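S.K.: Below are the structure tokens for one structure; questions will follow.
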Amino acid sequence: MKIEPFKEKVWLATPTMHGDEMQYVLDAYNTNWMSTVGENINEVEKLAAAQAQKQHAVALSCCTAALHLAVKHAGETLYGKPPVGCGALNGKRVFCSDMTFAATLNPVVYEGGVPVFIDTEASSWNMDPVALEKAFEMYPDVKLVVSAELYGFPGRMDIIKKICEKHGALLIEDAAEAMGASILGKQCASFGDYSCVSYNGNKIITGSSGGCLLTNDIEVANKARKWSTQARENAPWYQHEEVGYNYRMSNVIAGVVRGQYPHLEKHIAQKKAIYERYRDGFKDLPVQMNPITNGTEPNYWLSAMIIDKDSMLKQVRDDSKALYIKEPGKTCPTEILETLSAHNAEGRPIWKPMHMQPMYRMHEVVGRSGSLRCRTNAYIAGGVTDVGADIFDRGLCLPSDNKMTAETQNKVIEIIRTCFK
């Protein structure tokens with residue numbers, strides 16, 4: 001039986017507003033605090049710090065700004081303040097998550113660092129602690145790690161933190177996708193020496209934009225606030241002794257974020273229900289959902305799946321297109337995404353690993369067996385798997401909007417099931 005397209009678009013993930021947000025926005029408007037200071041910002045910083053089990057939060061324009069200031073501060077802490085015009089890392093290697101969004105590691109490049117990518121752990125889809133240990137064996141002088149928590153399904157960031165401590169390295173925890181998730185009862189964003197969260201429009205809670213830098217060190221927080229407001233010195237005129245940025249959060253945006261925090265747990269529960277409906281709806285298909293690592297509680301931000309190898313069509317991708325050869329009983333991410341789109345539903349590919357991106361293809365990637373730089377495909381000679389490339393090849397993100405009804409989701413499931421016929 002033919003399945004008719006949805007009349008209204010089924011989205012991957014969209015903002016969910018509740019009404020409280022507008023009152024705080026109106027408060028900013030009515031009191032004329034429309035700039036980068038105000039009560040909303042103060043409250044967001046309190047809420048963010050409490051949620052992440054950190055002592056201090058700095059509200060910024062976006063999570064990328066938080067990551068940038070974290071990288072800058074870490075670089076100056078490790079290597080000293082650079083001359084004007086030079087980045088804080090100035091050619092130093094930094095270990096970075098490989099399968100993530102580019103914003104995780106672009107700030108390393110802003111500050112002149114050289115990303116070395118750490119392959120993905122198949123059992124968690126996050127940075128592989130075993131590969132990280134191998135990287136430290138290869139490059140014992142590295143003193144900074146930037147690790148992301150993918151789709152709200154964290155791996156063992158606690159183990160990564162211990163590895164960093166063992167090797168005298170600082171950890172930047174990119175918890176942009178993982179707010180409200182936990183590891184062994186501790187909140188994501190609580191593990192890093194510097195941690196960062198996002199309020200982008202598609203995140204578990206949103207301000208339309210915005211982010212926070214989280215720390216237990218008051219000096220880090222004070223420095224981030226200074227840098228984020230153009231690094232103005234305490235003088236009666238505009239005096240500057242170092243480069244600053246226009247990174248502070250708006251009090252208007254903060255009003256939206258402030259109104260969203262009370263709904264975080266509700267959003268997580270809704271996302272969990274979506275994940276479980278997909279899991280149950282696909283239980284007889286040759287697919288696996290996002291893995292849940294023992295000891296963790298995800299926030300279920302985006303439900304994703306990976307197709308079993310034996311059920312994959314032959315699929316070839318270049319930098320902008322994908323081709324596949326149809327075969328009964330098999331499918332591939334490209335076919336599923338095209339089929340969803342034809343039915344007016346939005347899915348997305350899994351994050352393309354950074355070592356496969358055109359701008360980072362010459363950078364090294366380290367797996368459990370050491371350097372994997374020699375390969376360009378999902379599999380290396382000798383049977384060693386490039387885990388991130390393999391997940392990208394076989395995986396996709398599913399419509400995960402928390403306003404999606406069970407009826408709508410069941411139809412999405414049926415659409416996907418047709419691809420395996």
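By convention in this document, the chains of the structure tokens carry letters A, B, ... by their order, each chain's residues are numbered from 1, and ligands are numbered from 1 in the order they are shown.
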Hey, could you make a per-residue contact list for range 90-169 of chain A against range 76-82 of chain A with 9 Å as the cut-off, showing the nearest pair of atoms and its distance in Å to one decimal, counting only C-alpha atoms, sorted by chain and number, as CSV?

M.R.:
residue,atom,partner,partner_atom,distance
A:Asn90,CA,A:Pro82,CA,7.9
A:Lys143,CA,A:Leu78,CA,7.4
A:Leu144,CA,A:Leu78,CA,8.5
A:Ala169,CA,A:Leu78,CA,9.0

S.K.: Put those residues in a file: C-alpha atoms, as a short mmCIF file (atom, residue, chain, number, x, y, z; two decimals), in the first residue's frame.

M.R.:
data_model
loop_
_atom_site.label_atom_id
_atom_site.label_comp_id
_atom_site.auth_asym_id
_atom_site.auth_seq_id
_atom_site.Cartn_x
_atom_site.Cartn_y
_atom_site.Cartn_z
CA ASN A 90 50.81 28.35 18.08
CA LYS A 143 48.54 18.69 26.87
CA LEU A 144 45.02 19.46 25.61
CA ALA A 169 46.53 17.28 30.01
#

S.K.: Hey, what's within 10 Å of range 34-38 of chain A if we count only C-alpha atoms and toss same-chain stuff fewer than 3 positions away? As number ranges by chain, please?

M.R.: A: 25, 27-31, 41-43, 59-61, 229, 246-255

S.K.: My list of candidates is A:Val412, A:Cys212, A:Ile160, A:Ile292. Which is closest to His343 in chain A when distances are computed with only C-alpha atoms?

M.R.: A:Val412

S.K.: Quick one: pull the distance between CA of Gly295 in chain A and CA of Ser198 in chain A, Å, one decimal.

M.R.: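 Those two atoms sit 23.6 Å apart.
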
S.K.: Applying 9 Å and only C-alpha atoms, which residues near range 177-179 of chain A remain after dropping the ones on its own chain fewer than 5 positions away? List them as a list in words.

M.R.: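 Skipping anything fewer than 5 positions along the chain leaves Gln51, Ala52, Ala148, Glu149, Leu150, Tyr151, Gly152, Phe153, Pro154, Gln187, Cys188, Ala189, Val197, Ser198, Lys203, Ile204, Ile205, Leu264, Pro298, Asn299, Tyr300, Trp301 and Leu302 of chain A.
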
S.K.: Please provide the set of residues having any atom within 10 Å of Lys421 in chain A, restricted to only C-alpha atoms, with same-chain residues fewer than 6 positions apart removed, written as a list in words.

M.R.: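 Residues meeting the cut-off are Glu327, Pro328, Gly329, Lys330 and Thr331 of chain A.
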
S.K.: Those same residues, written as a compact mmCIF listing (two decimals), in the first residue's frame with C-alpha atoms?

M.R.:
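And here is the file that came out, out33.txt:
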# COMPACT_ATOMS: atom_id res chain seq x y z
CA GLU A 327 19.04 -4.60 -4.10
CA PRO A 328 16.01 -6.38 -2.56
CA GLY A 329 16.08 -6.60 1.23
CA LYS A 330 18.89 -4.06 1.58
CA THR A 331 19.13 -0.30 1.92

S.K.: Check the smallest atom-to-atom distance from each of A:Phe95, A:Phe282, A:Tyr24, A:Trp33 to Gly207 in chain A using only C-alpha atoms, then report the winner.

M.R.: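 For Gly207 in chain A, the nearest of the given residues is A:Tyr24.
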
S.K.: Running DSSP on the backbone, which parts of range 12-229 of chain A land in strand (DSSP E or B), as number ranges by chain?

M.R.: A: 56-60, 62, 93-97, 114-118, 120, 127, 144-148, 170-174, 182-183, 186-187, 194-198, 200, 208, 210-215, 229

S.K.: Restrict the calculation to only C-alpha atoms, then for each residue of range 284-339 of chain A with any atom at most 10 Å from an atom of range 388-397 of chain A give the closest atom pair and their distance in Å to one decimal, rows by chain and rising residue number, as CSV.

M.R.:
residue,atom,partner,partner_atom,distance
A:Val287,CA,A:Gly395,CA,9.2
A:Gln288,CA,A:Gly395,CA,9.2
A:Met289,CA,A:Gly395,CA,9.3
A:Asn290,CA,A:Cys397,CA,9.4
A:Leu302,CA,A:Cys397,CA,6.7
A:Ser303,CA,A:Cys397,CA,6.0
A:Ala304,CA,A:Cys397,CA,4.1
A:Met305,CA,A:Gly395,CA,5.5
A:Ile306,CA,A:Gly395,CA,4.1
A:Ile307,CA,A:Arg394,CA,5.4
A:Asp308,CA,A:Arg394,CA,7.6
A:Lys309,CA,A:Arg394,CA,7.6
A:Ser311,CA,A:Arg394,CA,9.7
A:Met312,CA,A:Arg394,CA,7.3
A:Leu313,CA,A:Arg394,CA,9.5
A:Gln315,CA,A:Asp393,CA,8.2
A:Val316,CA,A:Asp393,CA,8.9
A:Arg317,CA,A:Asp393,CA,8.8
A:Thr331,CA,A:Arg394,CA,9.6
A:Cys332,CA,A:Arg394,CA,6.5
A:Pro333,CA,A:Leu396,CA,5.8
A:Thr334,CA,A:Leu396,CA,8.6
A:Ile336,CA,A:Leu396,CA,8.5
A:Leu337,CA,A:Leu396,CA,7.9

S.K.: Give the answer as one residue: which of A:Ala269, A:Lys92, A:Asn234, A:Gly155 has the shortest atom-to-atom distance to Ser123 in chain A, using only C-alpha atoms?

M.R.: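 Among A:Ala269, A:Lys92, A:Asn234, A:Gly155, it is A:Gly155 that comes nearest to Ser123 in chain A.
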